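K.L.:
Below is the file target_2.pdb, with PDB, C-alpha atoms and all ligand atoms.
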ATOM      1  CA  MET A   1       0.000   0.000   0.000
ATOM      2  CA  LEU A   2       1.504   3.328  -1.072
ATOM      3  CA  THR A   3       1.397   5.980   1.647
ATOM      4  CA  VAL A   4       0.786   9.551   0.515
ATOM      5  CA  ALA A   5       1.138  12.989   2.113
ATOM      6  CA  VAL A   6      -0.831  15.780   0.418
ATOM      7  CA  LEU A   7       0.045  19.474   0.679
ATOM      8  CA  ILE A   8      -2.559  22.158  -0.052
ATOM      9  CA  SER A   9      -3.151  25.899   0.218
ATOM     10  CA  GLY A  10      -6.779  26.302  -0.796
ATOM     11  CA  THR A  11     -10.176  24.686  -0.947
ATOM     12  CA  GLY A  12      -8.717  21.241  -1.490
ATOM     13  CA  SER A  13     -11.275  20.030  -4.016
ATOM     14  CA  ASN A  14      -8.590  17.944  -5.734
ATOM     15  CA  LEU A  15      -7.537  16.604  -2.328
ATOM     16  CA  ARG A  16     -11.169  15.677  -1.690
ATOM     17  CA  ALA A  17     -11.288  13.678  -4.919
ATOM     18  CA  LEU A  18      -8.117  11.808  -3.937
ATOM     19  CA  LEU A  19      -9.537  11.112  -0.468
ATOM     20  CA  ASP A  20     -12.718   9.745  -2.054
ATOM     21  CA  ALA A  21     -10.684   7.523  -4.374
ATOM     22  CA  ALA A  22      -8.468   6.278  -1.555
ATOM     23  CA  ALA A  23     -11.514   5.386   0.534
ATOM     24  CA  ASP A  24     -12.133   2.520  -1.894
ATOM     25  CA  PRO A  25     -10.397  -0.539  -0.422
ATOM     26  CA  ALA A  26      -9.393  -1.524  -3.960
ATOM     27  CA  TYR A  27      -7.409   1.685  -4.435
ATOM     28  CA  PRO A  28      -3.730   0.907  -3.811
ATOM     29  CA  ALA A  29      -2.780   4.112  -1.950
ATOM     30  CA  ARG A  30      -3.689   5.671   1.393
ATOM     31  CA  ILE A  31      -3.425   9.301   2.432
ATOM     32  CA  VAL A  32      -1.638   9.363   5.778
ATOM     33  CA  VAL A  33      -1.457  13.114   6.386
ATOM     34  CA  VAL A  34      -2.495  16.447   4.849
ATOM     35  CA  GLY A  35      -0.394  19.565   5.362
ATOM     36  CA  ALA A  36      -0.891  23.211   4.473
ATOM     37  CA  ASP A  37       1.035  26.472   4.421
ATOM     38  CA  ARG A  38      -1.910  28.334   6.015
ATOM     39  CA  GLU A  39      -5.236  27.612   7.690
ATOM     40  CA  ALA A  40      -6.523  26.252   4.396
ATOM     41  CA  ASP A  41     -10.243  25.470   4.058
ATOM     42  CA  GLY A  42      -9.334  22.158   2.469
ATOM     43  CA  LEU A  43      -7.960  20.765   5.735
ATOM     44  CA  GLU A  44     -11.617  20.131   6.620
ATOM     45  CA  HIS A  45     -11.741  17.365   4.025
ATOM     46  CA  ALA A  46      -8.909  15.522   5.757
ATOM     47  CA  GLU A  47     -10.594  15.983   9.125
ATOM     48  CA  ALA A  48     -13.847  14.587   7.691
ATOM     49  CA  PHE A  49     -11.935  11.441   6.767
ATOM     50  CA  GLY A  50     -10.201  11.259  10.155
ATOM     51  CA  ILE A  51      -6.829  11.943   8.564
ATOM     52  CA  PRO A  52      -4.258  13.922  10.575
ATOM     53  CA  THR A  53      -3.316  17.404   9.426
ATOM     54  CA  PHE A  54      -0.526  19.859  10.050
ATOM     55  CA  THR A  55      -0.019  23.501   9.190
ATOM     56  CA  VAL A  56       3.326  25.202   8.665
ATOM     57  CA  PRO A  57       2.320  28.875   8.229
ATOM     58  CA  TYR A  58       4.584  30.425   5.628
ATOM     59  CA  GLU A  59       4.343  33.885   7.167
ATOM     60  CA  ALA A  60       5.579  32.623  10.525
ATOM     61  CA  TYR A  61       9.086  31.904   9.246
ATOM     62  CA  PRO A  62      11.798  34.437   8.433
ATOM     63  CA  SER A  63      12.726  32.769   5.155
ATOM     64  CA  ARG A  64      11.484  30.262   2.598
ATOM     65  CA  GLU A  65      14.406  28.046   3.606
ATOM     66  CA  GLU A  66      13.366  27.937   7.258
ATOM     67  CA  TRP A  67       9.736  27.370   6.366
ATOM     68  CA  GLY A  68      10.849  24.542   4.113
ATOM     69  CA  ARG A  69      12.936  22.980   6.856
ATOM     70  CA  GLU A  70       9.911  22.739   9.133
ATOM     71  CA  LEU A  71       7.710  21.443   6.308
ATOM     72  CA  ASP A  72      10.339  18.802   5.553
ATOM     73  CA  ALA A  73      10.521  17.822   9.218
ATOM     74  CA  GLN A  74       6.742  17.375   9.339
ATOM     75  CA  LEU A  75       6.785  15.262   6.185
ATOM     76  CA  ARG A  76       9.655  13.113   7.472
ATOM     77  CA  ALA A  77       7.737  12.430  10.658
ATOM     78  CA  TRP A  78       5.074  10.735   8.511
ATOM     79  CA  ASN A  79       7.600   9.149   6.165
ATOM     80  CA  PRO A  80       5.225   8.908   3.167
ATOM     81  CA  ASP A  81       6.168   7.010   0.020
ATOM     82  CA  LEU A  82       4.878   9.922  -2.086
ATOM     83  CA  VAL A  83       4.191  13.631  -1.568
ATOM     84  CA  VAL A  84       1.401  15.204  -3.635
ATOM     85  CA  LEU A  85       1.252  18.975  -4.065
ATOM     86  CA  SER A  86      -2.437  19.600  -4.675
ATOM     87  CA  GLY A  87      -2.758  23.335  -5.008
ATOM     88  CA  LEU A  88       0.122  24.259  -2.694
ATOM     89  CA  MET A  89       0.686  27.842  -3.815
ATOM     90  CA  ARG A  90       4.313  28.079  -2.678
ATOM     91  CA  LEU A  91       7.609  27.302  -4.303
ATOM     92  CA  LEU A  92       9.440  24.734  -2.247
ATOM     93  CA  PRO A  93      13.041  25.541  -1.368
ATOM     94  CA  ALA A  94      15.620  23.512  -3.287
ATOM     95  CA  SER A  95      16.562  21.574  -0.144
ATOM     96  CA  VAL A  96      13.027  20.182   0.182
ATOM     97  CA  VAL A  97      12.816  19.348  -3.511
ATOM     98  CA  ALA A  98      16.183  17.579  -3.296
ATOM     99  CA  ALA A  99      15.007  15.590  -0.274
ATOM    100  CA  TRP A 100      11.833  14.277  -1.932
ATOM    101  CA  SER A 101      12.199  14.412  -5.708
ATOM    102  CA  PRO A 102      11.249  12.315  -7.645
ATOM    103  CA  ARG A 103       8.796  11.067  -4.980
ATOM    104  CA  ILE A 104       6.955  14.397  -5.127
ATOM    105  CA  VAL A 105       4.370  15.304  -7.747
ATOM    106  CA  ASN A 106       2.340  18.386  -8.550
ATOM    107  CA  THR A 107      -0.869  19.028 -10.443
ATOM    108  CA  HIS A 108      -1.101  22.030 -12.733
ATOM    109  CA  PRO A 109      -4.119  23.560 -14.480
ATOM    110  CA  ALA A 110      -2.467  23.921 -17.922
ATOM    111  CA  TYR A 111      -0.858  21.755 -20.573
ATOM    112  CA  LEU A 112       2.778  22.071 -19.544
ATOM    113  CA  PRO A 113       5.216  23.307 -20.662
ATOM    114  CA  GLU A 114       2.575  25.836 -21.725
ATOM    115  CA  PHE A 115       1.612  28.378 -19.030
ATOM    116  CA  PRO A 116       3.693  27.374 -16.010
ATOM    117  CA  GLY A 117       3.475  29.326 -12.745
ATOM    118  CA  ALA A 118       0.780  30.446 -10.366
ATOM    119  CA  HIS A 119      -1.648  31.750 -13.019
ATOM    120  CA  GLY A 120      -1.832  28.935 -15.552
ATOM    121  CA  VAL A 121      -5.544  29.390 -16.197
ATOM    122  CA  ARG A 122      -5.423  33.177 -16.451
ATOM    123  CA  ASP A 123      -2.362  33.087 -18.686
ATOM    124  CA  ALA A 124      -4.049  30.691 -21.120
ATOM    125  CA  LEU A 125      -7.041  33.046 -21.358
ATOM    126  CA  THR A 126      -4.802  36.074 -21.842
ATOM    127  CA  ALA A 127      -2.915  34.282 -24.610
ATOM    128  CA  GLY A 128      -6.223  33.648 -26.402
ATOM    129  CA  VAL A 129      -5.620  29.930 -26.983
ATOM    130  CA  THR A 130      -8.549  27.641 -27.757
ATOM    131  CA  LEU A 131      -6.969  24.633 -26.057
ATOM    132  CA  THR A 132      -5.331  24.453 -22.671
ATOM    133  CA  GLY A 133      -5.272  21.483 -20.311
ATOM    134  CA  ALA A 134      -4.161  19.838 -17.120
ATOM    135  CA  SER A 135      -0.877  18.166 -16.177
ATOM    136  CA  VAL A 136       0.660  16.084 -13.422
ATOM    137  CA  ILE A 137       4.428  16.400 -13.117
ATOM    138  CA  VAL A 138       7.343  15.449 -10.920
ATOM    139  CA  VAL A 139       8.476  18.466  -8.915
ATOM    140  CA  ASP A 140      11.999  19.531  -9.749
ATOM    141  CA  ASP A 141      13.881  22.686  -8.844
ATOM    142  CA  GLY A 142      12.255  24.785 -11.569
ATOM    143  CA  VAL A 143       8.763  26.261 -11.817
ATOM    144  CA  ASP A 144       6.465  23.514 -13.171
ATOM    145  CA  SER A 145       9.376  22.228 -15.246
ATOM    146  CA  GLY A 146       9.675  18.626 -14.035
ATOM    147  CA  PRO A 147       8.998  15.478 -16.054
ATOM    148  CA  ILE A 148       5.381  15.234 -17.233
ATOM    149  CA  LEU A 149       3.621  12.130 -15.918
ATOM    150  CA  ALA A 150       0.156  12.688 -17.406
ATOM    151  CA  GLN A 151      -1.659  15.429 -19.242
ATOM    152  CA  GLU A 152      -4.832  16.040 -21.151
ATOM    153  CA  ARG A 153      -6.260  18.832 -23.278
ATOM    154  CA  VAL A 154      -9.248  20.946 -22.194
ATOM    155  CA  SER A 155     -11.020  23.324 -24.598
ATOM    156  CA  VAL A 156     -11.320  27.021 -23.871
ATOM    157  CA  LEU A 157     -14.923  27.955 -24.708
ATOM    158  CA  PRO A 158     -16.166  31.323 -25.970
ATOM    159  CA  GLY A 159     -17.148  33.424 -22.936
ATOM    160  CA  ASP A 160     -14.933  31.481 -20.535
ATOM    161  CA  ASP A 161     -13.530  33.423 -17.608
ATOM    162  CA  GLU A 162     -10.838  32.242 -15.211
ATOM    163  CA  HIS A 163     -13.438  30.713 -12.931
ATOM    164  CA  THR A 164     -15.447  28.759 -15.524
ATOM    165  CA  LEU A 165     -12.324  27.523 -17.280
ATOM    166  CA  HIS A 166     -10.646  26.445 -14.025
ATOM    167  CA  ASP A 167     -13.852  24.647 -13.006
ATOM    168  CA  ARG A 168     -13.698  22.634 -16.228
ATOM    169  CA  ILE A 169      -9.972  21.881 -15.851
ATOM    170  CA  LYS A 170     -10.125  20.703 -12.229
ATOM    171  CA  PRO A 171     -12.105  17.493 -12.871
ATOM    172  CA  VAL A 172      -9.473  16.551 -15.458
ATOM    173  CA  GLU A 173      -6.662  17.346 -12.983
ATOM    174  CA  ARG A 174      -8.379  15.132 -10.414
ATOM    175  CA  ARG A 175      -8.762  12.206 -12.774
ATOM    176  CA  LEU A 176      -5.121  12.466 -13.883
ATOM    177  CA  LEU A 177      -3.871  12.741 -10.290
ATOM    178  CA  ILE A 178      -5.897   9.757  -9.077
ATOM    179  CA  ASP A 179      -4.571   7.739 -11.994
ATOM    180  CA  VAL A 180      -0.934   8.787 -11.482
ATOM    181  CA  VAL A 181      -1.051   7.909  -7.779
ATOM    182  CA  ARG A 182      -2.609   4.556  -8.672
ATOM    183  CA  ARG A 183       0.087   3.838 -11.268
ATOM    184  CA  VAL A 184       2.868   4.783  -8.834
ATOM    185  CA  ALA A 185       1.297   2.500  -6.232
ATOM    186  CA  THR A 186       1.003  -0.484  -8.571
ATOM    187  CA  GLY A 187       4.491   0.014  -9.968
ATOM    188  CA  ASP A 188       3.184   0.759 -13.489
ATOM    189  CA  LEU A 189       4.821   4.158 -13.173
ATOM    190  CA  ASP A 190       8.392   4.271 -11.900
ATOM    191  CA  LEU A 191       9.074   7.835 -10.806
ATOM    192  CA  ALA A 192      12.815   7.224 -10.530
ATOM    193  CA  ALA A 193      12.940   6.200 -14.174
ATOM    194  CA  THR A 194      10.814   9.159 -15.264
ATOM    195  CA  SER A 195      13.088  11.764 -13.741
ATOM    196  CA  VAL A 196      16.136  12.459 -15.793
ATOM    197  CA  PRO A 197      18.435  14.709 -13.738
ATOM    198  CA  ARG A 198      19.045  18.019 -15.451
ATOM    199  CA  ILE A 199      22.553  18.599 -16.734
ATOM    200  CA  ARG A 200      23.928  21.795 -15.286
TER     201      ARG A 200
HETATM  202  C1  LIG B   1      -5.681  23.307  -8.838
HETATM  203  O1  LIG B   1      -6.102  23.700 -10.121
HETATM  204  C2  LIG B   1      -4.205  23.329  -8.756
HETATM  205  O2  LIG B   1      -3.563  22.762  -9.849
HETATM  206  C3  LIG B   1      -3.969  24.796  -8.669
HETATM  207  O3  LIG B   1      -4.891  25.182  -7.691
HETATM  208  C4  LIG B   1      -6.028  24.350  -7.795
HETATM  209  C5  LIG B   1      -6.310  23.714  -6.461
HETATM  210  O4  LIG B   1      -7.649  23.687  -6.212
HETATM  211  N1  LIG B   1      -2.628  25.156  -8.444
HETATM  212  P1  LIG B   1      -8.253  22.961  -4.939
HETATM  213  O5  LIG B   1      -7.627  23.609  -3.710
HETATM  214  O6  LIG B   1      -7.888  21.499  -5.040
HETATM  215  O7  LIG B   1      -9.716  23.187  -5.018
END
Spell out the structure here as structure tokens.

P.N.:
Amino acid sequence: MLTVAVLISGTGSNLRALLDAAADPAYPARIVVVGADREADGLEHAEAFGIPTFTVPYEAYPSREEWGRELDAQLRAWNPDLVVLSGLMRLLPASVVAAWSPRIVNTHPAYLPEFPGAHGVRDALTAGVTLTGASVIVVDDGVDSGPILAQERVSVLPGDDEHTLHDRIKPVERRLLIDVVRRVATGDLDLAATSVPRIR
């Protein structure tokens, strides 16, 4: 059984979908802890499932590095096989990425490498594209630049705003994430083999 820690910042609707999937005894992964960088609304989903939570408030630390050290310590205490960033709106310090990569994945509401960064949905709209998408990647030390594990196209419809488009992308993100975690758990997806170290 693959053990998973999930990190969030927001409403945690993707977390909720993963919790629902993992509640099926046939699903080969279990969420052991949910962490957040603030008092995120989404922590309620973990509590509803009786799953422990922790918060490492970003603002409470003098630097990203120190925040990351505490986050890493919390994760290590749970010793998960996999860390899932599900809407964590913070860049992890390189030390944390180095400690967990490639056993750390992120979901992104665009078809990477198109529109990386915190505003993937908005940037797709601004660019005027008719197709965007959703991706699940391994976290590396860049911004949404790690190896792509799964992705799927989503159409931009006339009249879409950031909200309507994001609402159509999220169900795709959820499906891809649930499938990636399943494939990691069954061994169909070998994260170590997927991650080719970058040549510096
Ligand atoms: C997802 O689209 C995620 O990729 C993005 O923020 C959203 C998280 O939504 N970075 P939620 O908190 O799971 O509802």

K.L.:
Step by step, measure atom-to-atom distances between ligand LIG 1 (chain B) and each residue using only C-alpha atoms and all ligand atoms, keep those at most 8 Å, then write them as a ChimeraX atom specification.

P.N.:
/A:8-16,42,86-89,106-109,118,134,166,169-170,173

K.L.:
Expressed in Å to a single decimal, how great is the separation between atom CA of Leu92 of chain A and atom CA of Asp140 of chain A?

P.N.:
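So the two atoms, atom CA of Leu92 of chain A and atom CA of Asp140 of chain A, lie 9.5 Å apart.
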
K.L.:
Using only C-alpha atoms, find the one residue out of A:Val180, A:Leu2, A:Val138, A:Leu71 that sits nearest to Arg38 of chain A.

P.N.:
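Ranked by minimum distance to Arg38 of chain A, first place goes to A:Leu71.
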
K.L.:
Using all atoms listed in the file, find the one residue out of A:Ala99, A:Asp160, A:Val34, A:Phe115 that sits nearest to Thr130 of chain A.

P.N.:
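Closest to Thr130 of chain A, using all atoms listed in the file: A:Asp160.
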
K.L.:
Written as a PyMOL selection string, which residues does the PyMOL selection byres (((chain A and resi 168) around 12) and not hetatm) give for the file shown?

P.N.:
chain A and resi 109-110+121+132-134+153-157+160-167+169-174

K.L.:
Evaluating the PyMOL selection byres (((chain A and resi 52) around 6) and not hetatm) on the displayed file yields which residues, as a PyMOL selection string?

P.N.:
chain A and resi 33+51+53

K.L.:
Using Å and a single decimal, report how far atom CA of Gly117 of chain A sits from atom CA of Ser63 of chain A.

P.N.:
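Between these atoms lies a distance of 20.4 Å.
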
K.L.:
Using all atoms listed in the file, which residues sit within 9 Å of segment 64-70 of chain A once same-chain residues fewer than 2 positions away are excluded, as a list of chain:residue names?

P.N.:
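Final neighbour list, sorted by chain and number: A:Asp37, A:Val56, A:Pro57, A:Tyr58, A:Glu59, A:Ala60, A:Tyr61, A:Pro62, A:Asp72, A:Ala73, A:Gln74, A:Leu75, A:Leu91, A:Leu92, A:Pro93, A:Ala94, A:Ser95, A:Val96.
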
K.L.:
I need the output of the PyMOL selection byres (((chain A and resi 182) around 12) and not hetatm) for this file as a PDB file with C-alpha atoms, keeping the file's coordinate frame; which residues are they?

P.N.:
ATOM      1  CA  MET A   1       0.000   0.000   0.000  1.00  0.00           C
ATOM      2  CA  LEU A   2       1.504   3.328  -1.072  1.00  0.00           C
ATOM      3  CA  THR A   3       1.397   5.980   1.647  1.00  0.00           C
ATOM      4  CA  VAL A   4       0.786   9.551   0.515  1.00  0.00           C
ATOM      5  CA  LEU A  18      -8.117  11.808  -3.937  1.00  0.00           C
ATOM      6  CA  ALA A  21     -10.684   7.523  -4.374  1.00  0.00           C
ATOM      7  CA  ALA A  22      -8.468   6.278  -1.555  1.00  0.00           C
ATOM      8  CA  ASP A  24     -12.133   2.520  -1.894  1.00  0.00           C
ATOM      9  CA  ALA A  26      -9.393  -1.524  -3.960  1.00  0.00           C
ATOM     10  CA  TYR A  27      -7.409   1.685  -4.435  1.00  0.00           C
ATOM     11  CA  PRO A  28      -3.730   0.907  -3.811  1.00  0.00           C
ATOM     12  CA  ALA A  29      -2.780   4.112  -1.950  1.00  0.00           C
ATOM     13  CA  ARG A  30      -3.689   5.671   1.393  1.00  0.00           C
ATOM     14  CA  LEU A  82       4.878   9.922  -2.086  1.00  0.00           C
ATOM     15  CA  ARG A 175      -8.762  12.206 -12.774  1.00  0.00           C
ATOM     16  CA  LEU A 176      -5.121  12.466 -13.883  1.00  0.00           C
ATOM     17  CA  LEU A 177      -3.871  12.741 -10.290  1.00  0.00           C
ATOM     18  CA  ILE A 178      -5.897   9.757  -9.077  1.00  0.00           C
ATOM     19  CA  ASP A 179      -4.571   7.739 -11.994  1.00  0.00           C
ATOM     20  CA  VAL A 180      -0.934   8.787 -11.482  1.00  0.00           C
ATOM     21  CA  VAL A 181      -1.051   7.909  -7.779  1.00  0.00           C
ATOM     22  CA  ARG A 183       0.087   3.838 -11.268  1.00  0.00           C
ATOM     23  CA  VAL A 184       2.868   4.783  -8.834  1.00  0.00           C
ATOM     24  CA  ALA A 185       1.297   2.500  -6.232  1.00  0.00           C
ATOM     25  CA  THR A 186       1.003  -0.484  -8.571  1.00  0.00           C
ATOM     26  CA  GLY A 187       4.491   0.014  -9.968  1.00  0.00           C
ATOM     27  CA  ASP A 188       3.184   0.759 -13.489  1.00  0.00           C
ATOM     28  CA  LEU A 189       4.821   4.158 -13.173  1.00  0.00           C
ATOM     29  CA  ASP A 190       8.392   4.271 -11.900  1.00  0.00           C
TER      30      ASP A 190
END

K.L.:
Suppose you want the space between atom CA of Thr126 of chain A and atom CA of Ala17 of chain A; what is it in Å?

P.N.:
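Value for the atom CA of Thr126 of chain A-atom CA of Ala17 of chain A distance: 28.8 Å.
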
K.L.:
Can you work out which one of A:Leu125, A:Ala5, A:Ala48, A:Val139 has the shortest atom-to-atom distance to Val97 of chain A, counting only C-alpha atoms?

P.N.:
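Between A:Leu125, A:Ala5, A:Ala48, A:Val139, the residue approaching Val97 of chain A most closely is A:Val139.
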
K.L.:
Can you tell me which residues surround Ala150 of chain A at a distance of at most 7 Å, considering all atoms listed in the file, apart from same-chain residues fewer than 2 positions away, and format the answer as a PyMOL selection string?

P.N.:
chain A and resi 135-136+148+176

K.L.:
Would you mind telling me which residue in A:Arg103, A:Arg76, A:Arg90, A:Arg122 lies nearest to Leu191 of chain A when using only C-alpha atoms?

P.N.:
A:Arg103

K.L.:
Please work out which residues fall within 10 Å of (11.7, 19.8, -11.9), coordinates as given in the file, with all atoms listed in the file counting, and return them as a CSV table (one decimal) with C-alpha atoms, keeping the file's coordinate frame.

P.N.:
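Just written: out_1.csv:
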chain,number,residue,atom,x,y,z
A,97,VAL,CA,12.8,19.3,-3.5
A,98,ALA,CA,16.2,17.6,-3.3
A,101,SER,CA,12.2,14.4,-5.7
A,102,PRO,CA,11.2,12.3,-7.6
A,104,ILE,CA,7.0,14.4,-5.1
A,105,VAL,CA,4.4,15.3,-7.7
A,137,ILE,CA,4.4,16.4,-13.1
A,138,VAL,CA,7.3,15.4,-10.9
A,139,VAL,CA,8.5,18.5,-8.9
A,140,ASP,CA,12.0,19.5,-9.7
A,141,ASP,CA,13.9,22.7,-8.8
A,142,GLY,CA,12.3,24.8,-11.6
A,143,VAL,CA,8.8,26.3,-11.8
A,144,ASP,CA,6.5,23.5,-13.2
A,145,SER,CA,9.4,22.2,-15.2
A,146,GLY,CA,9.7,18.6,-14.0
A,147,PRO,CA,9.0,15.5,-16.1
A,148,ILE,CA,5.4,15.2,-17.2
A,195,SER,CA,13.1,11.8,-13.7
A,196,VAL,CA,16.1,12.5,-15.8
A,197,PRO,CA,18.4,14.7,-13.7
A,198,ARG,CA,19.0,18.0,-15.5
